[in-house]
Structures are given as C-alpha cells and as structure tokens.
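Content type mmCIF, C-alpha atoms, from the file query-v4.cif:
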```cif
data_work
#
loop_
_atom_site.label_atom_id
_atom_site.label_comp_id
_atom_site.auth_asym_id
_atom_site.auth_seq_id
_atom_site.Cartn_x
_atom_site.Cartn_y
_atom_site.Cartn_z
CA MET A 198 -6.54 -7.67 -13.94
CA VAL A 199 -9.20 -7.00 -11.31
CA ASP A 200 -11.33 -10.02 -10.35
CA ILE A 201 -14.97 -8.91 -10.18
CA ALA A 202 -16.56 -12.35 -9.74
CA ASP A 203 -17.75 -11.51 -6.22
CA PHE A 204 -19.26 -8.18 -7.30
CA LYS A 205 -21.20 -9.02 -10.47
CA LEU A 206 -24.88 -8.29 -10.84
CA LYS A 207 -27.21 -11.27 -10.94
CA ASP A 208 -28.22 -12.04 -14.51
CA SER A 209 -31.83 -11.01 -13.93
CA LEU A 210 -30.77 -7.48 -12.90
CA TYR A 211 -29.40 -6.57 -16.33
CA TRP A 212 -32.98 -5.99 -17.49
CA PRO A 213 -34.39 -3.44 -18.05
CA ILE A 214 -31.07 -2.11 -19.32
CA GLY A 215 -29.65 0.60 -17.04
CA ALA A 216 -32.29 0.13 -14.35
CA HIS A 217 -29.96 -1.31 -11.70
CA ASP A 218 -26.74 0.27 -10.49
CA ASN A 219 -24.02 -2.02 -9.21
CA ASP A 220 -22.97 0.01 -6.17
CA LYS A 221 -21.13 -2.98 -4.74
CA LEU A 222 -18.77 -3.16 -7.70
CA MET A 223 -18.30 0.60 -7.98
CA ASN A 224 -17.49 0.87 -4.26
CA HIS A 225 -14.93 -1.91 -4.67
CA LEU A 226 -13.28 -0.16 -7.61
CA ASP A 227 -13.17 3.07 -5.56
CA ASP A 228 -11.60 1.24 -2.61
CA ILE A 229 -8.75 -0.19 -4.68
CA ASP A 230 -8.13 3.12 -6.55
CA PHE A 231 -8.86 1.43 -9.86
CA PHE A 232 -8.00 3.12 -13.15
CA GLY A 233 -8.97 1.65 -16.49
CA VAL A 234 -12.01 -0.11 -17.92
CA ILE A 235 -14.10 -2.87 -16.37
CA LEU A 236 -16.91 -4.59 -18.27
CA GLU A 237 -19.86 -6.44 -16.88
CA GLY A 238 -22.56 -8.53 -18.54
CA PRO A 239 -24.91 -11.45 -17.99
CA THR A 240 -23.59 -15.00 -18.02
CA ARG A 241 -26.63 -16.26 -19.95
CA ILE A 242 -29.28 -14.66 -22.13
CA GLU A 243 -32.43 -16.63 -22.89
CA ILE A 244 -33.07 -15.55 -26.46
CA ASP A 245 -36.73 -16.61 -26.42
CA LYS A 246 -37.27 -14.35 -23.40
CA TRP A 247 -35.09 -11.31 -24.12
CA GLU A 248 -34.42 -9.34 -27.29
CA THR A 249 -31.55 -7.24 -25.94
CA PHE A 250 -27.86 -7.96 -25.22
CA PRO A 251 -26.99 -5.86 -22.15
CA ALA A 252 -23.50 -4.93 -21.00
CA ILE A 253 -22.06 -2.25 -18.71
CA LYS A 254 -18.83 -0.30 -19.01
CA TYR A 255 -17.10 1.30 -16.01
CA HIS A 256 -14.29 3.64 -17.03
CA TYR A 257 -12.13 5.25 -14.34
CA VAL A 258 -9.77 7.94 -15.65
CA THR A 259 -8.34 11.32 -14.62
CA PHE A 260 -9.82 14.41 -16.29
CA LYS A 261 -6.47 15.22 -17.89
CA GLU A 262 -6.04 11.73 -19.34
CA ALA A 263 -9.61 11.77 -20.63
CA ALA A 264 -8.94 15.06 -22.43
CA THR A 265 -5.73 13.71 -23.98
CA PHE A 266 -6.87 10.30 -25.15
CA GLY A 267 -10.29 9.49 -23.85
CA PHE A 268 -12.12 6.23 -24.28
CA TRP A 269 -14.51 8.07 -26.59
CA THR A 270 -11.82 8.44 -29.26
CA HIS A 271 -9.28 5.72 -28.42
CA GLY A 272 -11.26 2.86 -26.88
CA VAL A 273 -12.40 -0.03 -29.06
CA PHE A 274 -14.91 -2.70 -28.05
CA THR A 275 -14.42 -6.20 -29.47
CA LEU A 276 -17.07 -8.89 -29.44
CA MET A 277 -16.09 -12.41 -30.51
CA ASP A 278 -18.78 -14.82 -31.70
CA LEU A 279 -17.25 -18.15 -30.70
CA ASN A 280 -19.66 -20.28 -32.74
CA ASN A 281 -18.62 -18.61 -35.98
CA ASN A 282 -15.20 -17.21 -35.04
CA ARG A 283 -16.44 -13.80 -36.12
CA LEU A 284 -15.10 -10.62 -34.54
CA TYR A 285 -17.18 -7.45 -34.27
CA ILE A 286 -15.71 -4.06 -33.31
CA PHE A 287 -17.44 -0.84 -32.28
CA LYS A 288 -16.76 2.33 -30.32
CA ASP A 289 -18.38 4.35 -27.56
CA GLU A 290 -19.59 6.97 -30.03
CA ASP A 291 -21.83 4.39 -31.71
CA PHE A 292 -24.15 4.61 -28.71
CA ILE A 293 -24.47 8.41 -28.56
CA LEU A 294 -27.96 9.48 -29.65
CA ASP A 295 -29.19 12.94 -30.62
CA ASP A 296 -32.52 14.45 -29.53
CA ASP A 297 -34.31 12.79 -32.43
CA GLY A 298 -33.10 9.34 -31.46
CA GLY A 299 -30.42 9.18 -34.16
CA ILE A 300 -26.67 8.89 -33.88
CA ASP A 301 -25.06 12.20 -32.97
CA ASP A 302 -21.90 12.33 -35.07
CA ASP A 303 -20.78 15.68 -33.66
CA PRO A 304 -21.29 15.85 -29.88
CA ASP A 305 -20.68 19.23 -28.24
CA ASP A 306 -17.09 19.91 -27.22
CA ASP A 307 -16.37 21.30 -23.78
CA ASP A 308 -13.75 24.06 -23.91
CA SER A 309 -13.69 24.66 -20.16
CA PRO A 310 -10.31 24.37 -18.35
CA ILE A 311 -9.23 20.87 -17.38
CA GLY A 312 -9.10 20.41 -13.63
CA ASP A 313 -7.84 17.73 -11.29
CA GLY A 314 -10.00 14.80 -10.32
CA ILE A 315 -11.30 11.46 -11.52
CA LEU A 316 -13.95 10.83 -14.13
CA VAL A 317 -16.13 7.76 -13.68
CA ASP A 318 -17.97 6.86 -16.88
CA PHE A 319 -20.79 4.42 -16.19
CA GLY A 320 -22.27 3.16 -19.42
CA PRO A 321 -25.09 0.60 -19.72
CA MET A 322 -25.65 -0.45 -23.32
CA ASN A 323 -27.51 -2.86 -25.59
CA LEU A 324 -25.04 -4.41 -28.03
CA ARG A 325 -27.83 -5.17 -30.49
CA ASP A 326 -28.33 -1.40 -30.94
CA VAL A 327 -25.05 -1.20 -32.87
CA LEU A 328 -24.31 -4.76 -34.01
CA ASP A 329 -26.25 -6.96 -36.41
CA LEU A 330 -26.09 -10.07 -34.23
CA THR A 331 -27.76 -13.30 -35.24
CA TRP A 332 -30.17 -14.03 -32.40
CA GLU A 333 -29.42 -17.73 -32.05
CA PRO A 334 -27.58 -19.92 -29.54
CA SER A 335 -23.92 -18.99 -29.37
CA LYS A 336 -21.25 -17.80 -26.97
CA TYR A 337 -19.66 -14.36 -27.04
CA ILE A 338 -16.63 -12.70 -25.44
CA LEU A 339 -16.71 -8.92 -24.91
CA THR A 340 -13.47 -6.98 -24.38
CA THR A 341 -12.18 -3.43 -24.78
CA VAL A 342 -8.73 -2.25 -25.81
CA MET A 343 -7.25 1.24 -25.61
CA ARG A 344 -3.67 1.66 -26.77
CA GLU A 345 -1.67 -0.92 -24.77
CA GLY A 346 -4.39 -1.46 -22.16
CA GLN A 347 -7.30 -3.85 -22.17
CA SER A 348 -10.28 -4.61 -19.97
CA ASN A 349 -11.44 -7.85 -18.43
CA ARG A 350 -13.20 -10.29 -20.77
CA VAL A 351 -16.91 -11.00 -20.30
CA VAL A 352 -18.30 -14.33 -21.52
CA THR A 353 -22.03 -14.44 -22.32
CA GLU A 354 -23.89 -17.46 -23.66
CA LEU A 355 -27.06 -17.12 -25.73
CA VAL A 356 -29.36 -20.04 -24.98
CA LYS A 357 -32.90 -21.30 -25.44
CA SER A 358 -34.75 -21.53 -22.15
CA ASP A 359 -35.94 -25.09 -22.85
CA GLY A 360 -32.41 -26.34 -23.55
CA SER A 361 -33.33 -27.47 -27.06
CA HIS A 362 -30.06 -26.04 -28.42
CA LYS A 363 -28.16 -28.76 -26.55
CA THR A 364 -30.21 -31.82 -27.41
CA PRO A 365 -28.39 -34.65 -29.24
CA GLU A 366 -30.68 -34.12 -32.25
CA PHE A 367 -29.84 -30.41 -32.54
CA LEU A 368 -26.11 -30.99 -32.09
CA ALA A 369 -26.14 -33.76 -34.71
CA LEU A 370 -27.83 -31.48 -37.25
CA GLN A 371 -25.32 -28.72 -36.48
CA LYS A 372 -22.39 -31.10 -36.94
CA GLU A 373 -23.84 -32.38 -40.22
CA LYS A 374 -24.10 -28.80 -41.48
CA TRP A 375 -20.49 -28.03 -40.51
CA GLU A 376 -19.23 -31.21 -42.16
CA LYS A 377 -20.63 -29.96 -45.46
CA THR A 378 -19.24 -26.43 -45.05
CA ASP A 379 -16.00 -25.47 -46.78
CA PRO A 380 -13.81 -22.79 -45.22
CA PRO A 381 -13.36 -19.44 -46.98
CA PRO A 382 -10.51 -19.00 -49.47
CA LEU A 383 -7.14 -17.86 -48.19
CA TYR A 384 -6.90 -14.17 -47.41
CA PRO A 385 -4.68 -12.50 -48.33
CA GLY A 386 -3.87 -14.69 -51.30
CA TRP A 387 -0.50 -16.41 -51.49
CA GLY A 388 1.75 -14.31 -53.72
CA ASP A 389 4.70 -11.98 -53.93
CA HIS A 390 3.81 -10.07 -50.76
CA HIS A 391 2.25 -12.72 -48.50
CA SER A 392 3.18 -16.32 -47.74
CA TYR A 393 2.21 -19.12 -45.37
CA GLY A 394 5.35 -21.09 -44.59
CA LYS A 395 7.97 -20.88 -41.89
CA VAL A 396 10.62 -18.23 -42.60
CA GLU A 397 13.66 -16.94 -40.77
CA ASN A 398 11.67 -14.43 -38.71
CA SER A 399 8.80 -16.76 -37.87
CA PRO A 400 8.06 -17.11 -34.15
CA ASP A 401 8.30 -20.65 -32.78
CA LEU A 402 5.03 -22.53 -32.78
CA PRO A 403 3.22 -22.06 -29.46
CA GLU A 404 3.27 -25.03 -27.13
CA THR A 405 -0.37 -24.50 -26.15
CA SER A 406 -3.40 -22.92 -27.81
CA ASP A 407 -2.09 -19.48 -28.77
CA ILE A 408 -1.02 -17.07 -31.49
CA LYS A 409 2.42 -15.50 -31.74
CA ILE A 410 3.13 -12.46 -33.89
CA LYS A 411 6.35 -10.61 -34.56
CA VAL A 412 6.58 -7.14 -36.12
CA PRO A 413 9.43 -4.63 -36.40
CA SER A 414 9.38 -1.92 -33.75
CA GLN A 415 9.84 0.79 -36.37
CA ILE A 416 9.42 1.17 -40.14
CA ASP A 417 10.93 4.06 -42.10
CA LEU A 418 8.63 4.60 -45.06
CA ARG A 419 11.33 6.55 -46.89
CA THR A 420 13.59 3.50 -47.10
CA SER A 421 11.17 0.58 -46.79
CA GLU A 422 8.16 -0.45 -48.84
CA ASN A 423 7.24 -3.35 -46.57
CA TRP A 424 5.78 -3.83 -43.11
CA ILE A 425 5.76 -7.58 -42.61
CA MET A 426 4.07 -9.35 -39.75
CA ASN A 427 5.39 -12.87 -39.11
CA GLY A 428 3.12 -15.13 -37.14
CA SER A 429 2.61 -18.68 -35.92
CA PHE A 430 -0.34 -20.39 -34.30
CA ARG A 431 -1.53 -23.51 -32.56
CA LEU A 432 -5.32 -23.48 -32.28
CA PRO A 433 -8.25 -25.90 -31.90
CA LEU A 434 -9.66 -27.25 -35.14
CA ARG A 435 -13.32 -26.63 -35.99
CA ILE A 436 -15.03 -29.01 -38.39
CA GLN A 437 -16.09 -26.21 -40.72
CA GLU A 438 -12.42 -25.19 -41.10
CA ILE A 439 -11.44 -28.52 -42.69
CA VAL A 440 -10.87 -28.37 -46.45
CA LYS A 441 -13.25 -30.90 -48.02
CA VAL A 442 -11.86 -32.58 -51.14
CA LYS A 443 -13.10 -35.75 -52.80
CA PRO A 444 -10.40 -38.46 -53.15
CA ASP A 445 -10.55 -38.47 -56.96
CA THR A 446 -9.89 -34.75 -57.48
CA PRO A 447 -6.57 -33.72 -59.07
CA GLU A 448 -5.63 -31.67 -56.01
CA LYS A 449 -5.80 -34.79 -53.87
CA SER A 450 -3.99 -37.12 -56.27
CA ASP A 451 -1.20 -34.82 -57.47
CA PRO A 452 1.68 -35.01 -54.93
CA GLU A 453 3.29 -31.90 -56.42
CA ILE A 454 0.42 -29.69 -55.30
CA LYS A 455 0.76 -28.56 -51.70
CA ARG A 456 -2.67 -27.66 -50.51
CA PRO A 457 -4.00 -26.81 -47.06
CA THR A 458 -5.87 -29.33 -44.96
CA ALA A 459 -7.63 -26.60 -42.97
CA VAL A 460 -8.10 -22.82 -42.98
CA LYS A 461 -8.09 -20.93 -39.70
CA GLY A 462 -9.60 -17.47 -39.27
CA ILE A 463 -7.34 -15.04 -37.41
CA HIS A 464 -8.40 -11.43 -36.88
CA LEU A 465 -5.89 -8.57 -36.62
CA LEU A 466 -7.02 -5.36 -34.99
CA LEU A 467 -4.78 -2.32 -35.48
CA VAL A 468 -5.37 0.78 -33.36
CA ARG A 469 -3.46 4.00 -33.99
CA GLU A 470 -1.96 5.77 -30.99
CA LYS A 471 -2.58 9.44 -31.77
CA ASP A 472 -6.03 9.53 -33.34
CA GLY A 473 -7.40 6.24 -32.04
CA GLU A 474 -8.55 5.09 -35.49
CA GLU A 475 -8.92 1.35 -35.83
CA GLN A 476 -8.72 -1.16 -38.69
CA LEU A 477 -9.80 -4.78 -38.59
CA PHE A 478 -8.46 -7.45 -40.95
CA SER A 479 -9.94 -10.94 -40.92
CA PHE A 480 -7.30 -13.24 -42.35
CA GLN A 481 -7.87 -16.83 -43.49
CA ILE A 482 -4.66 -18.72 -42.76
CA PRO A 483 -3.88 -22.24 -44.06
CA SER A 484 -2.65 -25.19 -42.07
CA PHE A 485 -0.86 -28.06 -43.78
CA ASP A 486 -1.01 -30.47 -40.84
CA ASN A 487 -1.91 -34.09 -41.53
CA LEU A 488 -5.36 -34.68 -40.07
CA PRO A 489 -6.66 -38.04 -38.87
CA GLU A 490 -9.64 -39.54 -40.66
CA GLU A 491 -11.64 -39.72 -37.42
CA ASN A 492 -12.10 -37.61 -34.30
CA GLN A 493 -11.04 -34.50 -36.21
CA GLU A 494 -13.02 -32.09 -34.02
CA ASN A 495 -10.69 -32.83 -31.09
CA GLN A 496 -7.52 -31.88 -32.95
CA VAL A 497 -5.37 -28.77 -32.90
CA ILE A 498 -3.76 -27.32 -36.01
CA THR A 499 -0.64 -25.24 -36.54
CA GLY A 500 0.57 -22.83 -39.17
CA HIS A 501 2.66 -19.82 -40.10
CA PHE A 502 1.81 -16.56 -41.85
CA ASN A 503 3.84 -13.69 -43.29
CA ILE A 504 1.70 -10.71 -44.25
CA ASP A 505 2.76 -7.31 -45.56
CA PHE A 506 0.40 -4.66 -44.20
CA LEU A 507 1.55 -2.06 -46.70
CA LYS A 508 0.39 -4.32 -49.54
CA LEU A 509 -3.11 -4.89 -48.18
CA PRO A 510 -5.70 -3.01 -50.30
CA ARG A 511 -7.59 -1.47 -47.38
CA PHE A 512 -4.65 -0.58 -45.15
CA SER A 513 -4.38 3.11 -44.27
CA SER A 514 -0.87 4.13 -43.17
CA ARG A 515 -0.18 7.10 -40.92
CA LEU A 516 3.07 8.28 -39.32
CA GLN A 517 2.36 7.14 -35.79
CA THR A 518 2.45 4.07 -33.55
CA TYR A 519 0.14 1.13 -34.21
CA TYR A 520 -1.05 -1.32 -31.56
CA LEU A 521 -1.72 -4.80 -32.94
CA TYR A 522 -4.06 -7.32 -31.34
CA ALA A 523 -4.77 -10.84 -32.67
CA PHE A 524 -7.96 -12.85 -32.06
CA SER A 525 -9.17 -16.33 -32.93
CA GLY A 526 -11.89 -18.08 -30.97
CA ASP A 527 -11.27 -17.48 -27.28
CA VAL A 528 -7.60 -16.59 -27.87
CA MET A 529 -6.59 -12.93 -27.71
CA VAL A 530 -2.97 -11.73 -27.78
CA GLY A 531 -1.27 -8.36 -27.87
CA PRO A 532 -0.51 -5.69 -28.23
CA SER A 533 2.56 -5.69 -30.40
CA THR A 534 3.63 -2.26 -31.58
CA THR A 535 5.12 -0.75 -34.72
CA THR A 536 5.86 2.94 -35.28
CA LEU A 537 5.78 4.27 -38.83
CA ILE A 538 8.13 7.17 -39.53
CA ARG A 539 9.48 8.96 -42.57
CA SER A 540 13.04 10.21 -42.18
CA GLU A 541 14.46 13.12 -44.10
CA ASP A 542 16.14 12.38 -47.38
CA PRO A 543 19.83 13.36 -46.97
CA GLU A 544 19.96 14.48 -50.59
CA GLU A 545 17.17 16.99 -49.98
CA LYS A 546 18.93 18.75 -47.10
#
```
Would it be possible to restate this file's structure as structure tokens?
Amino acid sequence: MVDIADFKLKDSLYWPIGAHDNDKLMNHLDDIDFFGVILEGPTRIEIDKWETFPAIKYHYVTFKEAATFGFWTHGVFTLMDLNNNRLYIFKDEDFILDDDGGIDDDPDDDDSPIGDGILVDFGPMNLRDVLDLTWEPSKYILTTVMREGQSNRVVTELVKSDGSHKTPEFLALQKEKWEKTDPPPLYPGWGDHHSYGKVENSPDLPETSDIKIKVPSQIDLRTSENWIMNGSFRLPLRIQEIVKVKPDTPEKSDPEIKRPTAVKGIHLLLVREKDGEEQLFSFQIPSFDNLPEENQENQVITGHFNIDFLKLPRFSSRLQTYYLYAFSGDVMVGPSTTTLIRSEDPEEK
C-alpha cells in the first residue's frame, strides 16, 4: 500500500470542498506509476465549525479496465463509525447529480471506441451528502474495496473545538450510558442453519485482535443447499456489548442455560465479481468468555460463528464469484472468495 503521509493536504485545505487540488500527491502517484484507488481526508473535523465531511478519491486505471469493471459499478466505499461499531456503505454513483440537483440514476453511456491510456478520476466529495451521519464526536475509518483490491484507510476524528468531548465529566456520562445499554439480540438467531460454537471447520482463534473467516472456494447449487461461513474472532470488548443480567434472574442462576456474556457486532460485506452488486450483513455474534467483575473495558473477547448465507432472508444468490470482507471496529479482513455455480444434471443430458 502506498504511504501518502508526506503528501496529504493540511486539514484546513479540505474546505471549501473541491477548492484545493493536491498536485503534490498526484505528481507522486504519477511518478510511481500507481494504479488503484487512494483516499484522502482530514485528520480532524471540528463539528461546531464545519457541517461537511470532506474526502477525496484518486482512481488511476486504464481505459480498457475502466470499461470492463470500472469503479463506478464495482467500487464500494465503506465508512466505519468506531464509536458505535456501525458500518456504512455507498458507491460512486450516489454522488452523481443531474441538472436539477437530484441523483442521476441513468448517466449517459459513451459508445465511442476504447483507446489506450490512463484514466485519472479525481473526486472530491462530502460524505454527509449520501450518509445520514450523526454529527457528534466520534472517529471514522474510510476505505474502498473493488473485487480483491482495496484502498488505503483514512482515519478522521469528529471533535468539538473546545475539547469538551474529552472532559472527565463527559466521558463519565458516556460510560454511565454504555453501562446501562444492552447489546442487540443475536443475528442470525441460533437454530438449524446457524450456530455459535467451535466446529470442525472453525478457524483457530486469532492470537491478536482479528477476525478469521473460512468459506468454500466453490459451491454447486445443484448439489448443495448450503453455503456456510465458519469464523472466529478475538476483539476488544466495549462496555455496551456486555450482556447485563441481574444476579437473581433464572438465566443467571440456572447452570443448564448457556448464555452469552457479550455480543460482538461483525459486518460482512459481499461484492459480486461480474455486476459489482454489494450486500451488507451486520451480524451480532455471542461470546461466552468469563468476564472479570472489574476493568471490563480493557478486556478482549473471543468467539466462533457458523452462518449459512443461503439461509439468510435477504441474501441474493447469483452464479458468479463473491468477494467477502469482514469488519468490526478498526479491524478489516479479506477478501475471501466463493464462486457459485450450477452444474448440469447428468440425468437431463
């Protein structure tokens, strides 16, 4: 991955959006014959001063590659809200406006012959134009993926200019709120098609903060009704992920009931190879680790998950290759790939 630390714009130059070109960075990318996507954005945004979330995309690609699988159709932006472990996704086309200021869902196609050469797509954007972001102190990570490739990751912190979001009083109130917050219910639910224990195909638990997933390289839909992803994780524990149960509840007192101590959100992004269509699933995965009574926010938790994509209600299967990326907090892994096929039935020949 290209290191652009020495070529970034100063934070103040991201406003007004699109007003300042970064010739220094673009010249550097030209000099090293860069191909791919580079993202750039401010390190800090003072939310009481600015109402926009600027970012810049630099896409270097040959004309022929752009015509075959351009970023327009196959590139996916991901934006992780670290405070809430929420993942947003969007595409380039979300920023294309028509003459009336609305989204142009059908931009003009260019049928001219494809020549040799390099296309440089420079794209300043305001992420708040397409995402319903809560304008409060948080930290975000912006990334793009396209098939098996991915861009650099840009970390931007939303702050208050007076620093009030980091005072002991504010942090204490935030912690008190999280201590009263229960995690969401498990998704998908534990049942015939999905489970949350270690099985034969489970990857080993990561030794450091990470997610491991294992999927078959190919699924024949004529002979198989399952596409199971086996996964394991070791991730930092957030207070709001702890399952809160009073000591006198039956779930706590009954030793026969195995119940989670925490629920970790893990997001799975699937991107199809041919048409570039994407699907995002936000799973809520249990951990059964024993947690200490004190200092819980400094712990890590582990767990396993076994999820059948073909049994998920919103999953749309197509006969092509899928690229799978996993996200949780600042962890991003992938892609793993699975190709769905349908072989001919010998009896029908």
Kindly indicate which residue among A:Leu521, A:Leu330, A:Ile425, A:Met529 lies nearest to Ser399 of chain A, using all atoms listed in the file for the distances.
A:Ile425
Would you list the contacts of segment 288-291 of chain A as a list in words, taking every protein, DNA or RNA residue within 6 Å and counting only C-alpha atoms, but skipping same-chain residues closer than 3 positions in sequence?
Trp269, Val273 and Phe274 of chain A
May I ask for the distance between atom CA of Asp417 of chain A and atom CA of Arg511 of chain A, given in Å to one decimal place?
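For atom CA of Asp417 of chain A relative to atom CA of Arg511 of chain A, the distance reads 20.0 Å.
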Considering all atoms listed in the file, return as a list in words whatever protein or nucleic-acid residues lie within 12 Å of Ala216 of chain A, sequence-local ones (same chain, fewer than 3 positions apart) excluded.
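Here the qualifying residues turn out to be Leu206, Ser209, Leu210, Tyr211, Trp212, Pro213, Asn219, Pro251, Ile253, Gly320, Pro321 and Met322 of chain A.
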Using all atoms listed in the file: which of A:Gln347, A:Lys336, A:Ala252, A:Glu376 has the shortest distance to Met198 of chain A:
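Once distances to Met198 of chain A are computed over all atoms listed in the file, the minimum belongs to A:Gln347.
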A:Asp407, A:Glu366, A:Asp326, A:Glu438: which is nearest Ser484 of chain A, counting all atoms listed in the file?
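Checking each candidate against Ser484 of chain A, we get A:Glu438 as the closest.
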Taking 6 positions as the minimum chain separation for residues in the same chain, which residues sit within 9 Å of Lys508 of chain A when counting all atoms listed in the file? Answer as a PyMOL selection string.
chain A and resi 390-391+422-424
Gap from atom CA of Ile242 of chain A to atom CA of Met343 of chain A - Å, one decimal:
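The value is 27.4 Å.
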Would you mind reading off the distance between atom CA of Thr535 of chain A and atom CA of Gln415 of chain A, one decimal, in Å?
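These atoms are spaced 5.2 Å apart.
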Taking (-17.0, -14.9, -32.1) in the file's coordinates as the center, which residues reach within 10 Å of it, counting all atoms listed in the file, put as a PyMOL selection string?
chain A and resi 275-285+335-339+524-527
Spell out the residues picked by the PyMOL selection byres ((chain A and resi 516) around 12) here, as a ChimeraX atom specification.
/A:415-419,469-472,513-515,517-519,535-540
Residues returned when the PyMOL selection byres ((chain A and resi 396) around 12) runs on this file, as a PyMOL selection string:
chain A and resi 391-395+397-401+411+425-429+500-504
May I have the selected residues written with C-alpha atoms, as a PDB file, in the frame of the given file?
```
ATOM      1  CA  HIS A 391       2.250 -12.720 -48.500  1.00  0.00           C
ATOM      2  CA  SER A 392       3.180 -16.320 -47.740  1.00  0.00           C
ATOM      3  CA  TYR A 393       2.210 -19.120 -45.370  1.00  0.00           C
ATOM      4  CA  GLY A 394       5.350 -21.090 -44.590  1.00  0.00           C
ATOM      5  CA  LYS A 395       7.970 -20.880 -41.890  1.00  0.00           C
ATOM      6  CA  GLU A 397      13.660 -16.940 -40.770  1.00  0.00           C
ATOM      7  CA  ASN A 398      11.670 -14.430 -38.710  1.00  0.00           C
ATOM      8  CA  SER A 399       8.800 -16.760 -37.870  1.00  0.00           C
ATOM      9  CA  PRO A 400       8.060 -17.110 -34.150  1.00  0.00           C
ATOM     10  CA  ASP A 401       8.300 -20.650 -32.780  1.00  0.00           C
ATOM     11  CA  LYS A 411       6.350 -10.610 -34.560  1.00  0.00           C
ATOM     12  CA  ILE A 425       5.760  -7.580 -42.610  1.00  0.00           C
ATOM     13  CA  MET A 426       4.070  -9.350 -39.750  1.00  0.00           C
ATOM     14  CA  ASN A 427       5.390 -12.870 -39.110  1.00  0.00           C
ATOM     15  CA  GLY A 428       3.120 -15.130 -37.140  1.00  0.00           C
ATOM     16  CA  SER A 429       2.610 -18.680 -35.920  1.00  0.00           C
ATOM     17  CA  GLY A 500       0.570 -22.830 -39.170  1.00  0.00           C
ATOM     18  CA  HIS A 501       2.660 -19.820 -40.100  1.00  0.00           C
ATOM     19  CA  PHE A 502       1.810 -16.560 -41.850  1.00  0.00           C
ATOM     20  CA  ASN A 503       3.840 -13.690 -43.290  1.00  0.00           C
ATOM     21  CA  ILE A 504       1.700 -10.710 -44.250  1.00  0.00           C
TER      22      ILE A 504
END
```
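Nearest to Tyr255 of chain A of all the residues A:Val351, A:Leu236, A:Ile315, A:Leu466 is A:Leu236, based on all atoms listed in the file.
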Which residues fall under the PyMOL selection byres ((chain A and resi 356) around 7) in this file, as a list in words?
Arg241, Ile242, Glu243, Ile244, Pro334, Glu354, Leu355, Lys357, Ser358 and His362 of chain A
Applying 8 Å and only C-alpha atoms, which residues near Ile463 of chain A remain after dropping the ones on its own chain fewer than 2 positions away? List them as a PyMOL selection string.
chain A and resi 461+465+479-482+523-525
Among the residues A:Thr499, A:Thr259, A:Thr249, A:Ser533, the one that comes closest to Asp230 of chain A [using all atoms listed in the file]
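Among A:Thr499, A:Thr259, A:Thr249, A:Ser533, it is A:Thr259 that comes nearest to Asp230 of chain A.
For the choices A:Lys254, A:Arg344, A:Lys372, A:Lys363, the atom-to-atom distance to Leu324 of chain A is smallest for A:Lys254 when using all atoms listed in the file.
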May I have the protein, DNA and RNA residues with any atom at most 12 Å from the point (0.1, -5.8, -18.6), counting only C-alpha atoms, written as an mmCIF file with C-alpha atoms, keeping the file's coordinate frame?
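This went into part37.cif:
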```
data_model
loop_
_atom_site.group_PDB
_atom_site.id
_atom_site.type_symbol
_atom_site.label_atom_id
_atom_site.label_comp_id
_atom_site.auth_asym_id
_atom_site.auth_seq_id
_atom_site.Cartn_x
_atom_site.Cartn_y
_atom_site.Cartn_z
ATOM 1 C CA MET A 198 -6.540 -7.670 -13.940
ATOM 2 C CA VAL A 199 -9.200 -7.000 -11.310
ATOM 3 C CA GLY A 233 -8.970 1.650 -16.490
ATOM 4 C CA VAL A 342 -8.730 -2.250 -25.810
ATOM 5 C CA ARG A 344 -3.670 1.660 -26.770
ATOM 6 C CA GLU A 345 -1.670 -0.920 -24.770
ATOM 7 C CA GLY A 346 -4.390 -1.460 -22.160
ATOM 8 C CA GLN A 347 -7.300 -3.850 -22.170
ATOM 9 C CA SER A 348 -10.280 -4.610 -19.970
ATOM 10 C CA ASN A 349 -11.440 -7.850 -18.430
ATOM 11 C CA VAL A 530 -2.970 -11.730 -27.780
ATOM 12 C CA GLY A 531 -1.270 -8.360 -27.870
ATOM 13 C CA PRO A 532 -0.510 -5.690 -28.230
#
```
As AutoDock Vina command-line options, what would the box around segment 312-329 of chain A look like: edges along x, y and z, 8 Å added on every side, centre and edge lengths in Å to one decimal?
```
--center_x -18.1 --center_y 6.7 --center_z -23.4 --size_x 36.5 --size_y 43.4 --size_z 42.1
```
